[in-house]
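Source file: work_32.cif; contents: mmCIF, C-alpha atoms and all ligand atoms.
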```cif
data_start
#
loop_
_atom_site.label_atom_id
_atom_site.label_comp_id
_atom_site.auth_asym_id
_atom_site.auth_seq_id
_atom_site.Cartn_x
_atom_site.Cartn_y
_atom_site.Cartn_z
CA MET Z 1 -4.80 33.29 -41.87
CA GLY Z 2 -5.75 35.43 -38.86
CA SER Z 3 -7.96 32.65 -37.54
CA ASP Z 4 -9.19 33.21 -34.03
CA VAL Z 5 -8.33 30.18 -31.93
CA TYR Z 6 -10.92 31.24 -29.39
CA ALA Z 7 -13.77 31.60 -31.89
CA TRP Z 8 -15.14 28.19 -30.96
CA LEU Z 9 -16.07 29.54 -27.53
CA GLU Z 10 -18.64 31.92 -29.01
CA GLU Z 11 -19.96 29.14 -31.27
CA ARG Z 12 -20.39 26.80 -28.32
CA LEU Z 13 -22.14 29.50 -26.32
CA ALA Z 14 -24.48 30.14 -29.25
CA THR Z 15 -25.33 26.44 -29.32
CA LEU Z 16 -26.08 26.49 -25.60
CA ARG Z 17 -28.32 29.53 -26.02
CA ARG Z 18 -30.19 27.95 -28.93
CA ALA Z 19 -30.82 24.86 -26.79
CA GLY Z 20 -32.13 27.09 -23.99
CA TRP Z 21 -29.27 25.95 -21.71
CA GLN Z 22 -27.79 29.34 -20.88
CA ARG Z 23 -27.37 29.93 -17.16
CA GLN Z 24 -27.72 33.12 -15.18
CA SER Z 25 -26.80 34.00 -11.66
CA LEU Z 26 -28.74 36.16 -9.26
CA THR Z 27 -26.88 38.58 -6.98
CA LEU Z 28 -28.26 38.70 -3.46
CA SER Z 29 -27.46 41.30 -0.85
CA GLY Z 30 -27.60 41.18 2.93
CA ARG Z 31 -27.11 38.23 5.23
CA PRO Z 32 -28.31 34.75 4.30
CA GLY Z 33 -31.66 33.64 5.71
CA PRO Z 34 -35.20 32.54 4.89
CA VAL Z 35 -35.84 35.93 3.26
CA VAL Z 36 -33.19 37.46 1.01
CA LEU Z 37 -32.86 40.59 -1.08
CA ALA Z 38 -32.30 40.61 -4.84
CA GLY Z 39 -31.89 44.31 -5.57
CA SER Z 40 -34.95 45.77 -3.86
CA GLN Z 41 -37.06 42.63 -4.13
CA ARG Z 42 -37.65 40.43 -1.07
CA LEU Z 43 -37.59 36.74 -1.89
CA VAL Z 44 -38.60 33.90 0.37
CA ASN Z 45 -35.68 31.56 0.02
CA PHE Z 46 -36.18 27.88 -0.82
CA ALA Z 47 -32.89 27.61 -2.69
CA SER Z 48 -30.40 27.74 0.18
CA ASN Z 49 -28.16 25.01 1.56
CA ASP Z 50 -27.91 26.80 4.90
CA TYR Z 51 -30.15 24.10 6.37
CA LEU Z 52 -29.67 24.90 10.05
CA GLY Z 53 -29.62 28.65 9.54
CA LEU Z 54 -26.06 28.92 10.84
CA ALA Z 55 -24.53 31.02 8.04
CA ALA Z 56 -25.74 34.24 9.64
CA ASP Z 57 -25.44 33.09 13.25
CA PRO Z 58 -23.64 35.71 15.40
CA ARG Z 59 -21.52 33.00 17.02
CA LEU Z 60 -20.14 31.81 13.67
CA ILE Z 61 -19.52 35.39 12.64
CA ALA Z 62 -17.73 36.03 15.95
CA ALA Z 63 -15.59 32.90 15.55
CA ALA Z 64 -14.60 33.93 12.02
CA THR Z 65 -13.89 37.51 13.13
CA GLU Z 66 -11.69 36.34 15.96
CA ALA Z 67 -9.80 34.05 13.60
CA LEU Z 68 -9.31 36.92 11.13
CA ASN Z 69 -7.87 39.09 13.89
CA CYS Z 70 -5.70 36.29 15.14
CA TRP Z 71 -4.40 34.79 11.89
CA GLY Z 72 -5.22 37.22 9.10
CA THR Z 73 -7.15 36.53 5.92
CA GLY Z 74 -5.16 33.94 3.99
CA GLY Z 75 -3.87 30.47 4.66
CA THR Z 76 -0.57 31.59 3.06
CA GLY Z 77 0.59 28.12 2.10
CA SER Z 78 -0.29 24.46 1.84
CA ARG Z 79 -0.87 22.58 5.08
CA LEU Z 80 2.41 20.70 4.69
CA LEU Z 81 4.38 23.91 4.31
CA SER Z 82 3.21 27.02 6.15
CA GLY Z 83 -0.59 26.92 5.96
CA GLU Z 84 -1.56 25.02 9.09
CA ARG Z 85 -3.07 26.80 12.11
CA PRO Z 86 -4.35 25.27 15.36
CA VAL Z 87 -7.94 25.75 14.16
CA HIS Z 88 -7.41 23.26 11.30
CA THR Z 89 -6.43 20.41 13.58
CA GLU Z 90 -9.09 21.36 16.14
CA LEU Z 91 -11.75 21.29 13.43
CA GLU Z 92 -10.51 17.90 12.19
CA ALA Z 93 -10.62 16.46 15.70
CA ALA Z 94 -14.16 17.80 16.18
CA LEU Z 95 -15.32 16.34 12.85
CA ALA Z 96 -13.81 12.93 13.60
CA GLN Z 97 -15.40 12.82 17.02
CA TRP Z 98 -18.79 13.83 15.62
CA LYS Z 99 -18.60 11.30 12.78
CA GLN Z 100 -17.33 8.54 15.09
CA THR Z 101 -14.23 8.04 12.95
CA GLU Z 102 -10.57 7.90 13.92
CA ALA Z 103 -9.58 10.96 11.95
CA ALA Z 104 -10.64 13.64 9.48
CA LEU Z 105 -9.03 15.99 6.98
CA VAL Z 106 -10.37 19.35 5.78
CA PHE Z 107 -10.16 20.56 2.18
CA SER Z 108 -10.90 23.96 0.67
CA SER Z 109 -14.26 22.73 -0.67
CA GLY Z 110 -16.45 19.65 -0.74
CA TYR Z 111 -15.81 19.48 -4.46
CA ALA Z 112 -12.04 19.36 -3.86
CA ALA Z 113 -12.51 16.76 -1.11
CA ASN Z 114 -14.41 14.46 -3.48
CA VAL Z 115 -12.17 14.92 -6.50
CA GLY Z 116 -9.00 14.68 -4.39
CA THR Z 117 -10.07 11.61 -2.45
CA VAL Z 118 -11.46 9.56 -5.34
CA ALA Z 119 -8.47 10.30 -7.57
CA ALA Z 120 -6.10 9.31 -4.73
CA LEU Z 121 -7.82 6.01 -3.97
CA VAL Z 122 -8.05 4.41 -7.40
CA GLY Z 123 -6.11 4.32 -10.66
CA GLN Z 124 -6.03 2.66 -14.05
CA ARG Z 125 -6.15 -0.91 -12.79
CA ASP Z 126 -9.16 -0.25 -10.59
CA LEU Z 127 -12.94 -0.21 -10.81
CA VAL Z 128 -15.31 2.59 -9.75
CA LEU Z 129 -19.05 1.92 -9.48
CA MET Z 130 -21.18 4.97 -9.11
CA ASP Z 131 -24.88 5.67 -8.56
CA ALA Z 132 -26.33 7.31 -11.68
CA TYR Z 133 -27.41 10.35 -9.62
CA SER Z 134 -24.06 10.88 -7.87
CA HIS Z 135 -22.76 14.42 -7.56
CA ALA Z 136 -20.69 15.90 -10.41
CA SER Z 137 -17.59 16.09 -8.20
CA LEU Z 138 -17.61 12.31 -7.65
CA ARG Z 139 -18.01 11.78 -11.38
CA LYS Z 140 -15.11 14.14 -12.05
CA GLY Z 141 -12.90 12.42 -9.47
CA ALA Z 142 -13.58 9.04 -11.04
CA GLN Z 143 -12.80 10.40 -14.48
CA LEU Z 144 -9.53 11.96 -13.29
CA SER Z 145 -8.45 8.77 -11.55
CA GLY Z 146 -8.31 6.86 -14.83
CA ALA Z 147 -10.17 3.90 -13.26
CA THR Z 148 -12.77 1.97 -15.23
CA THR Z 149 -15.94 3.78 -14.23
CA LEU Z 150 -19.38 2.20 -14.47
CA THR Z 151 -22.67 3.72 -13.46
CA TYR Z 152 -25.44 1.71 -11.81
CA ASP Z 153 -29.10 2.69 -12.04
CA HIS Z 154 -30.18 5.02 -9.26
CA LEU Z 155 -30.32 3.08 -5.95
CA ASP Z 156 -30.63 -0.19 -7.90
CA PHE Z 157 -28.42 -2.58 -5.91
CA THR Z 158 -29.45 -5.50 -8.13
CA HIS Z 159 -27.91 -3.68 -11.07
CA LEU Z 160 -24.88 -2.83 -8.94
CA GLU Z 161 -24.40 -6.48 -8.03
CA LYS Z 162 -24.65 -7.54 -11.67
CA LEU Z 163 -21.87 -5.08 -12.55
CA LEU Z 164 -19.77 -6.31 -9.62
CA GLU Z 165 -20.23 -9.93 -10.73
CA HIS Z 166 -19.05 -9.11 -14.24
CA HIS Z 167 -16.27 -6.63 -13.61
CA ARG Z 168 -14.92 -6.82 -10.09
CA CYS Z 169 -12.56 -9.78 -10.51
CA THR Z 170 -10.73 -8.25 -13.47
CA HIS Z 171 -9.74 -5.16 -11.48
CA ARG Z 172 -7.35 -4.57 -8.60
CA ARG Z 173 -9.26 -2.28 -6.20
CA GLY Z 174 -12.97 -1.56 -6.20
CA LEU Z 175 -14.63 1.67 -5.04
CA ILE Z 176 -18.36 2.34 -4.78
CA LEU Z 177 -19.49 5.99 -4.81
CA THR Z 178 -22.84 7.29 -3.63
CA ASP Z 179 -24.48 10.37 -2.18
CA SER Z 180 -26.22 9.75 1.16
CA VAL Z 181 -28.96 12.30 0.39
CA PHE Z 182 -29.23 12.79 -3.35
CA SER Z 183 -28.95 16.50 -4.01
CA MET Z 184 -31.40 16.82 -6.89
CA ASP Z 185 -34.08 14.42 -5.59
CA GLY Z 186 -33.83 14.36 -1.81
CA ASP Z 187 -34.08 10.59 -1.57
CA VAL Z 188 -31.71 8.71 0.73
CA CYS Z 189 -29.36 5.78 0.11
CA PRO Z 190 -29.87 2.72 2.37
CA LEU Z 191 -26.22 2.36 3.33
CA PRO Z 192 -26.32 -0.96 5.27
CA GLY Z 193 -27.34 -2.84 2.11
CA LEU Z 194 -24.70 -1.07 0.05
CA LEU Z 195 -22.00 -1.85 2.63
CA ASP Z 196 -23.00 -5.54 2.74
CA LEU Z 197 -22.64 -5.74 -1.02
CA ALA Z 198 -19.32 -3.90 -0.90
CA GLU Z 199 -18.05 -6.34 1.72
CA ARG Z 200 -18.99 -9.36 -0.40
CA TYR Z 201 -17.14 -7.97 -3.41
CA ALA Z 202 -14.20 -6.44 -1.50
CA CYS Z 203 -14.93 -2.85 -2.41
CA MET Z 204 -14.24 0.41 -0.62
CA VAL Z 205 -17.25 2.69 -0.18
CA LEU Z 206 -17.24 6.48 -0.29
CA VAL Z 207 -20.42 8.24 0.75
CA ASP Z 208 -20.98 11.93 0.06
CA GLU Z 209 -22.79 13.42 3.06
CA ALA Z 210 -23.01 16.97 1.67
CA HIS Z 211 -26.76 17.13 2.38
CA GLY Z 212 -26.85 14.67 5.30
CA THR Z 213 -24.37 16.33 7.64
CA GLY Z 214 -26.05 18.43 10.31
CA VAL Z 215 -29.49 17.20 9.26
CA PHE Z 216 -29.66 13.44 9.90
CA GLY Z 217 -29.19 11.60 13.19
CA SER Z 218 -29.84 12.64 16.77
CA GLN Z 219 -26.48 14.43 16.89
CA GLY Z 220 -26.71 15.58 13.28
CA ALA Z 221 -23.65 13.56 12.28
CA GLY Z 222 -25.27 12.43 9.03
CA VAL Z 223 -26.95 9.48 7.36
CA ALA Z 224 -24.08 7.02 7.96
CA THR Z 225 -24.39 7.35 11.73
CA SER Z 226 -28.19 7.63 11.70
CA GLN Z 227 -28.33 4.32 9.79
CA GLY Z 228 -25.94 2.71 12.28
CA CYS Z 229 -22.98 2.55 9.90
CA GLY Z 230 -20.65 4.87 11.80
CA GLY Z 231 -18.36 2.05 12.90
CA ARG Z 232 -18.25 0.26 9.53
CA PRO Z 233 -15.33 0.62 7.11
CA LEU Z 234 -16.53 3.62 5.17
CA ILE Z 235 -15.16 6.86 3.77
CA GLN Z 236 -17.39 9.80 4.66
CA VAL Z 237 -16.96 12.97 2.63
CA GLY Z 238 -18.91 16.16 3.09
CA THR Z 239 -18.97 19.90 3.00
CA LEU Z 240 -18.58 22.65 5.59
CA SER Z 241 -20.57 24.98 3.33
CA LYS Z 242 -24.12 23.67 3.70
CA ALA Z 243 -25.64 22.89 7.12
CA LEU Z 244 -22.42 23.98 8.85
CA GLY Z 245 -22.76 27.50 7.48
CA SER Z 246 -19.14 28.04 6.45
CA GLN Z 247 -16.94 27.04 3.52
CA GLY Z 248 -14.74 24.03 2.84
CA GLY Z 249 -14.98 20.24 2.72
CA TYR Z 250 -13.85 17.23 4.75
CA VAL Z 251 -13.08 13.53 4.63
CA ALA Z 252 -13.61 11.38 7.73
CA GLY Z 253 -12.43 7.79 8.15
CA SER Z 254 -9.66 5.65 9.56
CA GLN Z 255 -6.36 7.18 10.67
CA THR Z 256 -4.63 5.20 7.92
CA LEU Z 257 -6.92 6.63 5.24
CA ILE Z 258 -6.30 10.18 6.46
CA ASP Z 259 -2.52 9.65 6.67
CA TYR Z 260 -2.59 8.30 3.11
CA LEU Z 261 -4.62 11.26 1.81
CA ARG Z 262 -2.19 13.69 3.48
CA HIS Z 263 0.47 12.19 1.22
CA ARG Z 264 -1.44 11.41 -1.92
CA ALA Z 265 -4.52 13.64 -2.36
CA SER Z 266 -3.12 16.18 -4.74
CA ALA Z 267 -6.11 18.54 -4.23
CA TRP Z 268 -5.00 18.74 -0.58
CA VAL Z 269 -1.20 18.62 -0.89
CA TYR Z 270 -0.91 21.22 -3.64
CA SER Z 271 -3.59 23.64 -2.50
CA THR Z 272 -3.49 26.44 0.06
CA SER Z 273 -4.97 25.53 3.42
CA LEU Z 274 -8.59 26.35 4.15
CA ALA Z 275 -8.80 30.02 5.21
CA PRO Z 276 -8.52 30.12 9.03
CA ALA Z 277 -11.72 32.19 9.32
CA ALA Z 278 -13.66 29.56 7.35
CA ALA Z 279 -12.21 26.81 9.55
CA ALA Z 280 -13.14 28.72 12.72
CA ALA Z 281 -16.72 29.32 11.54
CA ALA Z 282 -17.03 25.65 10.57
CA LEU Z 283 -15.78 24.57 14.01
CA ALA Z 284 -18.44 26.76 15.65
CA GLY Z 285 -20.95 25.23 13.21
CA VAL Z 286 -19.98 21.67 14.18
CA GLN Z 287 -20.36 22.55 17.87
CA LEU Z 288 -23.76 24.24 17.42
CA ALA Z 289 -25.08 21.47 15.18
CA GLN Z 290 -24.58 19.16 18.17
CA SER Z 291 -25.46 21.43 21.07
CA GLU Z 292 -28.66 22.87 19.55
CA PRO Z 293 -30.65 19.86 18.33
CA GLN Z 294 -33.79 22.02 18.34
CA ARG Z 295 -32.59 23.55 15.06
CA ARG Z 296 -32.66 20.12 13.48
CA GLN Z 297 -36.03 19.39 15.07
CA THR Z 298 -37.51 22.57 13.61
CA LEU Z 299 -36.06 21.74 10.20
CA TRP Z 300 -37.72 18.31 10.31
CA ASP Z 301 -41.02 19.79 11.56
CA ARG Z 302 -41.05 22.22 8.61
CA THR Z 303 -40.06 19.42 6.26
CA HIS Z 304 -42.86 17.08 7.36
CA HIS Z 305 -45.39 19.89 7.19
CA LEU Z 306 -44.43 20.95 3.67
CA HIS Z 307 -44.12 17.35 2.48
CA GLN Z 308 -47.69 16.69 3.63
CA GLN Z 309 -49.04 19.80 1.96
CA LEU Z 310 -47.29 19.05 -1.33
CA GLN Z 311 -48.48 15.46 -1.17
CA HIS Z 312 -52.02 16.69 -0.71
CA THR Z 313 -51.97 19.44 -3.36
CA PHE Z 314 -49.62 18.02 -6.01
CA PRO Z 315 -49.72 14.22 -5.53
CA ALA Z 316 -48.73 13.53 -9.13
CA ARG Z 317 -45.84 15.96 -9.12
CA LEU Z 318 -44.10 15.25 -5.82
CA LEU Z 319 -40.96 13.13 -6.26
CA PRO Z 320 -40.09 10.54 -3.59
CA SER Z 321 -38.02 12.16 -0.85
CA ALA Z 322 -36.94 11.24 2.66
CA SER Z 323 -35.22 14.52 3.41
CA HIS Z 324 -35.52 18.29 3.62
CA ILE Z 325 -35.09 18.48 -0.17
CA LEU Z 326 -38.47 18.24 -1.91
CA CYS Z 327 -39.04 18.29 -5.65
CA LEU Z 328 -42.08 18.86 -7.86
CA LYS Z 329 -41.92 17.30 -11.29
CA LEU Z 330 -42.61 19.59 -14.24
CA THR Z 331 -44.14 18.44 -17.49
CA ASN Z 332 -41.22 19.46 -19.70
CA PRO Z 333 -38.22 21.82 -19.92
CA GLU Z 334 -40.39 24.48 -21.59
CA GLN Z 335 -42.63 24.58 -18.55
CA ALA Z 336 -39.52 24.94 -16.40
CA LEU Z 337 -38.41 27.96 -18.43
CA GLU Z 338 -41.85 29.56 -17.97
CA ILE Z 339 -42.19 28.87 -14.29
CA ALA Z 340 -38.81 30.06 -13.04
CA PRO Z 341 -39.53 33.79 -13.64
CA GLN Z 342 -43.12 33.43 -12.38
CA LEU Z 343 -41.94 32.09 -9.03
CA GLN Z 344 -39.50 34.92 -8.69
CA ALA Z 345 -42.05 37.55 -9.70
CA GLN Z 346 -44.25 36.25 -6.88
CA GLY Z 347 -41.44 36.52 -4.35
CA ILE Z 348 -40.27 32.90 -4.21
CA LEU Z 349 -36.67 31.86 -4.78
CA ALA Z 350 -36.46 28.19 -5.74
CA ALA Z 351 -34.26 26.19 -8.07
CA VAL Z 352 -35.90 25.19 -11.32
CA VAL Z 353 -33.72 22.42 -12.68
CA ARG Z 354 -33.78 21.00 -16.19
CA PRO Z 355 -32.00 18.30 -18.18
CA PRO Z 356 -29.10 17.70 -18.60
CA THR Z 357 -28.56 18.50 -14.90
CA VAL Z 358 -31.40 16.11 -14.01
CA PRO Z 359 -33.29 13.47 -16.03
CA THR Z 360 -36.64 15.33 -15.75
CA SER Z 361 -37.41 19.00 -15.14
CA ARG Z 362 -38.43 19.95 -11.64
CA ILE Z 363 -38.80 22.64 -9.00
CA ARG Z 364 -36.34 21.87 -6.21
CA LEU Z 365 -37.19 23.17 -2.75
CA SER Z 366 -34.85 23.02 0.21
CA LEU Z 367 -35.94 23.80 3.74
CA MET Z 368 -34.16 25.59 6.54
CA ALA Z 369 -34.62 25.54 10.32
CA THR Z 370 -35.24 29.28 10.08
CA HIS Z 371 -38.29 29.06 7.80
CA ARG Z 372 -41.42 30.33 9.53
CA PRO Z 373 -44.89 28.88 8.93
CA GLU Z 374 -45.82 32.01 6.94
CA HIS Z 375 -42.91 31.34 4.57
CA LEU Z 376 -44.35 27.91 3.80
CA GLN Z 377 -47.80 29.45 3.31
CA ALA Z 378 -46.39 31.95 0.82
CA LEU Z 379 -44.71 29.10 -1.04
CA MET Z 380 -47.87 26.99 -1.21
CA SER Z 381 -50.05 29.81 -2.49
CA THR Z 382 -47.49 30.75 -5.15
CA LEU Z 383 -47.13 27.14 -6.27
CA GLN Z 384 -50.91 26.81 -6.55
CA SER Z 385 -51.10 29.91 -8.71
CA VAL Z 386 -48.24 29.08 -11.11
CA LEU Z 387 -48.47 25.32 -11.34
CA PRO Z 388 -51.25 23.71 -13.35
CA GLN Z 389 -52.41 20.33 -12.12
CA PRO Z 390 -51.04 17.73 -14.55
C1 LIG Q 1 -22.52 20.90 -2.71
C2 LIG Q 1 -22.07 19.50 -2.94
C3 LIG Q 1 -20.72 19.19 -3.03
C4 LIG Q 1 -19.65 20.24 -3.09
O1 LIG Q 1 -19.43 20.87 -1.88
P1 LIG Q 1 -18.82 22.34 -1.89
O2 LIG Q 1 -18.29 22.53 -0.53
O3 LIG Q 1 -19.94 23.26 -2.23
O4 LIG Q 1 -17.74 22.37 -2.93
C5 LIG Q 1 -20.38 17.85 -3.13
N1 LIG Q 1 -21.31 16.89 -3.18
C6 LIG Q 1 -22.62 17.16 -3.11
C7 LIG Q 1 -23.62 16.05 -3.15
C8 LIG Q 1 -23.05 18.48 -3.01
O5 LIG Q 1 -24.35 18.76 -2.99
#
```
Translate this structure into structure tokens?
Ligand SMILES: *Cc1c(COP(=O)(O)O)cnc(C)c1O
Amino acid sequence: MGSDVYAWLEERLATLRRAGWQRQSLTLSGRPGPVVLAGSQRLVNFASNDYLGLAADPRLIAAATEALNCWGTGGTGSRLLSGERPVHTELEAALAQWKQTEAALVFSSGYAANVGTVAALVGQRDLVLMDAYSHASLRKGAQLSGATTLTYDHLDFTHLEKLLEHHRCTHRRGLILTDSVFSMDGDVCPLPGLLDLAERYACMVLVDEAHGTGVFGSQGAGVATSQGCGGRPLIQVGTLSKALGSQGGYVAGSQTLIDYLRHRASAWVYSTSLAPAAAAAALAGVQLAQSEPQRRQTLWDRTHHLHQQLQHTFPARLLPSASHILCLKLTNPEQALEIAPQLQAQGILAAVVRPPTVPTSRIRLSLMATHRPEHLQALMSTLQSVLPQP
């Protein structure tokens, strides 16, 4: 018949294009920072996760360079076989100390840490309850685990409790999943209330600190510690690739949890160790995030300043946020499609996010400690010129 078994790929792509869901990437050159280069165009960058400005810090670069010279480029094997270097265990000790947990384990990405941990903790007889706005990697981990997975309305603990009442007793283990700072909104989960509920219904809790680590708390250890939950039974997952300026992910918790994951998290056991240079840069990042709190202070100063300005200029568009991630609601996906190129033409790089990634279209702005007041001014004047008042 000569039928092409791959023909459906082109058909699916055509459907995506018709729906206006095709995605494009932008290639940047030069080092990361508040101003980046796309070809010859300078863009003021409000789309970076390098919150503390560490990704181009000479000390991280030096740490990675030294590690490259010392151990070469590749991990060369899984941690259990031939992939472990002293820098891996040093980094894990530093993370555990920072997070006030007994132990930590590093993965090759935050995505792998989430998928690997969730899938290792629950199975078919178990129940996963997940905030509706949880990160895709948590969703994927739950799906892979085979556990019954239910979603509760965003930050709605009354809904969560209703689901627990109905479903908890018919399942073996229970696991609640949430982001600490929600990546597409910038609002923050009140963890003490969630942990109380989890305790009453005998559930484990995993909190994804991808956007909280380095940013929240006097030491930058994240939302869990800043909300006084560091000592509570909690699984903290996060990334080394955002505020810490490197690459990789981690899980922090009890020694027993970490020992278990070292045996059962297949994304860790069957994957090559984190590249030593990435581990070394992350270790320098963890140290600087603690020893230079002024970076965090500047990030929060910039955040409060921009939040106030947006509140004043676009009161009806600003979504609730308690973090350095600020979003402006757009009227519809069509407006999002129009505005994205206008922002870029005016020298602003910002994420314009549409359904199905988020429930409503928005401009997502993330701040960095390295933004200067003039960068925020440029952003505000561009937003005023491209964004009609609703
Ligand atoms: C970025 C992100 C991850 C994934 O981390 P990577 O290290 O980039 O793989 C996981 N969870 C959340 C909430 C994130 O924003």
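Between atom CA of Z:Leu240 and atom CA of Z:Arg295 lies a distance of 16.9 Å.
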Would you mind listing, for every residue of chain Z within 8 Å of ligand LIG 1 (chain Q), the two atoms forming the shortest contact and the distance between them in Å to one decimal, using all atoms listed in the file, sorted by chain and ascending residue number, as CSV?
```
residue,atom,partner,partner_atom,distance
Z:Ser108,CA,Q:LIG1,O2,7.6
Z:Ser109,CA,Q:LIG1,O2,4.0
Z:Gly110,CA,Q:LIG1,O1,3.4
Z:Tyr111,CA,Q:LIG1,O4,3.8
Z:Ala112,CA,Q:LIG1,O4,6.5
Z:Ala113,CA,Q:LIG1,O4,7.9
Z:Asn114,CA,Q:LIG1,C5,6.9
Z:Ser134,CA,Q:LIG1,C7,7.0
Z:His135,CA,Q:LIG1,C7,4.8
Z:Ala136,CA,Q:LIG1,N1,7.3
Z:Ser137,CA,Q:LIG1,C5,6.0
Z:Leu138,CA,Q:LIG1,N1,7.4
Z:Asp179,CA,Q:LIG1,C7,5.8
Z:Val181,CA,Q:LIG1,C7,7.4
Z:Phe182,CA,Q:LIG1,C7,6.5
Z:Ser183,CA,Q:LIG1,O5,5.2
Z:Asp208,CA,Q:LIG1,C7,5.9
Z:Glu209,CA,Q:LIG1,C7,6.8
Z:Ala210,CA,Q:LIG1,C6,4.8
Z:His211,CA,Q:LIG1,O5,6.1
Z:Gly238,CA,Q:LIG1,C5,6.6
Z:Thr239,CA,Q:LIG1,O2,4.5
Z:Leu240,CA,Q:LIG1,O2,6.1
Z:Ser241,CA,Q:LIG1,O2,5.1
Z:Lys242,CA,Q:LIG1,C1,7.2
Z:Gln247,CA,Q:LIG1,O2,6.2
Z:Gly248,CA,Q:LIG1,O2,5.1
Z:Gly249,CA,Q:LIG1,O2,5.2
```
*Interatomic distance, atom CA of Z:Phe314 to atom CA of Z:Leu328 (Å, one decimal)*: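 These two atoms are separated by 7.8 Å.
The list of residues with at least one atom within 12 Å of Z:Gln311, based on all atoms listed in the file and without residues fewer than 3 positions apart in the same chain, reads Thr303, His304, His305, Leu306, His307, Gln308, Phe314, Pro315, Ala316, Arg317, Leu318, Leu319, Pro320, Ser321, Leu326, Cys327, Leu328 and Met380 of chain Z.
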*Selection near Z:Ala132, 8 Å with all atoms listed in the file, sequence-local residues under 5 positions removed, as a ChimeraX atom specification*: /Z:151-154
Excluding stretch 143-147 of chain Z and its own-chain neighbours fewer than 4 positions away, which residues fall within 7 Å of it when counting all atoms listed in the file? Please give them as a PDB file with C-alpha atoms, in the frame of the given file.
```
ATOM      1  CA  VAL Z 118     -11.460   9.560  -5.340  1.00  0.00           C
ATOM      2  CA  ALA Z 119      -8.470  10.300  -7.570  1.00  0.00           C
ATOM      3  CA  VAL Z 122      -8.050   4.410  -7.400  1.00  0.00           C
ATOM      4  CA  GLY Z 123      -6.110   4.320 -10.660  1.00  0.00           C
ATOM      5  CA  GLN Z 124      -6.030   2.660 -14.050  1.00  0.00           C
ATOM      6  CA  ARG Z 125      -6.150  -0.910 -12.790  1.00  0.00           C
ATOM      7  CA  ASP Z 126      -9.160  -0.250 -10.590  1.00  0.00           C
ATOM      8  CA  LEU Z 127     -12.940  -0.210 -10.810  1.00  0.00           C
ATOM      9  CA  VAL Z 128     -15.310   2.590  -9.750  1.00  0.00           C
ATOM     10  CA  ARG Z 139     -18.010  11.780 -11.380  1.00  0.00           C
TER      11      ARG Z 139
END
```
What are the centre and the three edge lengths of an axis-aligned box that wraps all atoms of stretch 142-158 of chain Z in the file, given that 5 Å is added to every side, written as lines of an AutoDock Vina configuration file and rounded to one decimal in Å?
```
center_x = -19.5
center_y = 3.2
center_z = -10.6
size_x = 32.3
size_y = 27.5
size_z = 19.3
```
Sort by chain and increasing residue number a table of all residues of stretch 228-328 of chain Z within 7 Å of stretch 104-107 of chain Z, each with its closest pair of atoms and their distance in Å to one decimal, counting only C-alpha atoms, and write it as CSV.
```
residue,atom,partner,partner_atom,distance
Z:Gly248,CA,Z:Phe107,CA,5.8
Z:Gly249,CA,Z:Phe107,CA,4.9
Z:Tyr250,CA,Z:Val106,CA,4.2
Z:Val251,CA,Z:Leu105,CA,5.3
Z:Ala252,CA,Z:Ala104,CA,4.1
Z:Gly253,CA,Z:Ala104,CA,6.3
Z:Ile258,CA,Z:Ala104,CA,6.3
Z:Trp268,CA,Z:Phe107,CA,6.1
Z:Leu274,CA,Z:Phe107,CA,6.3
```
Selection above as a file: C-alpha atoms, as a tab-separated table (two decimals), in the frame of the given file:
```tsv
chain	number	residue	atom	x	y	z
Z	248	GLY	CA	-14.74	24.03	2.84
Z	249	GLY	CA	-14.98	20.24	2.72
Z	250	TYR	CA	-13.85	17.23	4.75
Z	251	VAL	CA	-13.08	13.53	4.63
Z	252	ALA	CA	-13.61	11.38	7.73
Z	253	GLY	CA	-12.43	7.79	8.15
Z	258	ILE	CA	-6.30	10.18	6.46
Z	268	TRP	CA	-5.00	18.74	-0.58
Z	274	LEU	CA	-8.59	26.35	4.15
```
_So, with all atoms listed in the file as the atoms that count, which of Z:Leu80, Z:Ala279, Z:Val35, Z:Leu163 lies closest to Z:Leu68?_
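With all atoms listed in the file as the atom set, the closest residue is Z:Ala279.
Atom CA of Z:Asp131 lies 5.6 Å from atom CA of Z:Thr178.
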*Taking all atoms listed in the file into account, which of Z:Gly116, Z:Arg23, Z:Glu10, Z:Leu60 comes nearest Z:Ala265?*
Z:Gly116
Your completed stretch 6-11 of chain Z with N, CA and C atoms, as a compact mmCIF listing (two decimals), in the frame of the given file:
```
# COMPACT_ATOMS: atom_id res chain seq x y z
N TYR Z 6 -9.89 31.25 -30.44
CA TYR Z 6 -10.92 31.24 -29.39
C TYR Z 6 -12.34 31.35 -29.94
N ALA Z 7 -12.45 31.39 -31.28
CA ALA Z 7 -13.77 31.60 -31.89
C ALA Z 7 -14.76 30.51 -31.52
N TRP Z 8 -14.24 29.30 -31.28
CA TRP Z 8 -15.14 28.19 -30.96
C TRP Z 8 -15.93 28.43 -29.68
N LEU Z 9 -15.37 29.26 -28.80
CA LEU Z 9 -16.07 29.54 -27.53
C LEU Z 9 -17.42 30.20 -27.80
N GLU Z 10 -17.40 31.21 -28.68
CA GLU Z 10 -18.64 31.92 -29.01
C GLU Z 10 -19.62 30.97 -29.71
N GLU Z 11 -19.08 30.10 -30.57
CA GLU Z 11 -19.96 29.14 -31.27
C GLU Z 11 -20.63 28.19 -30.27
```
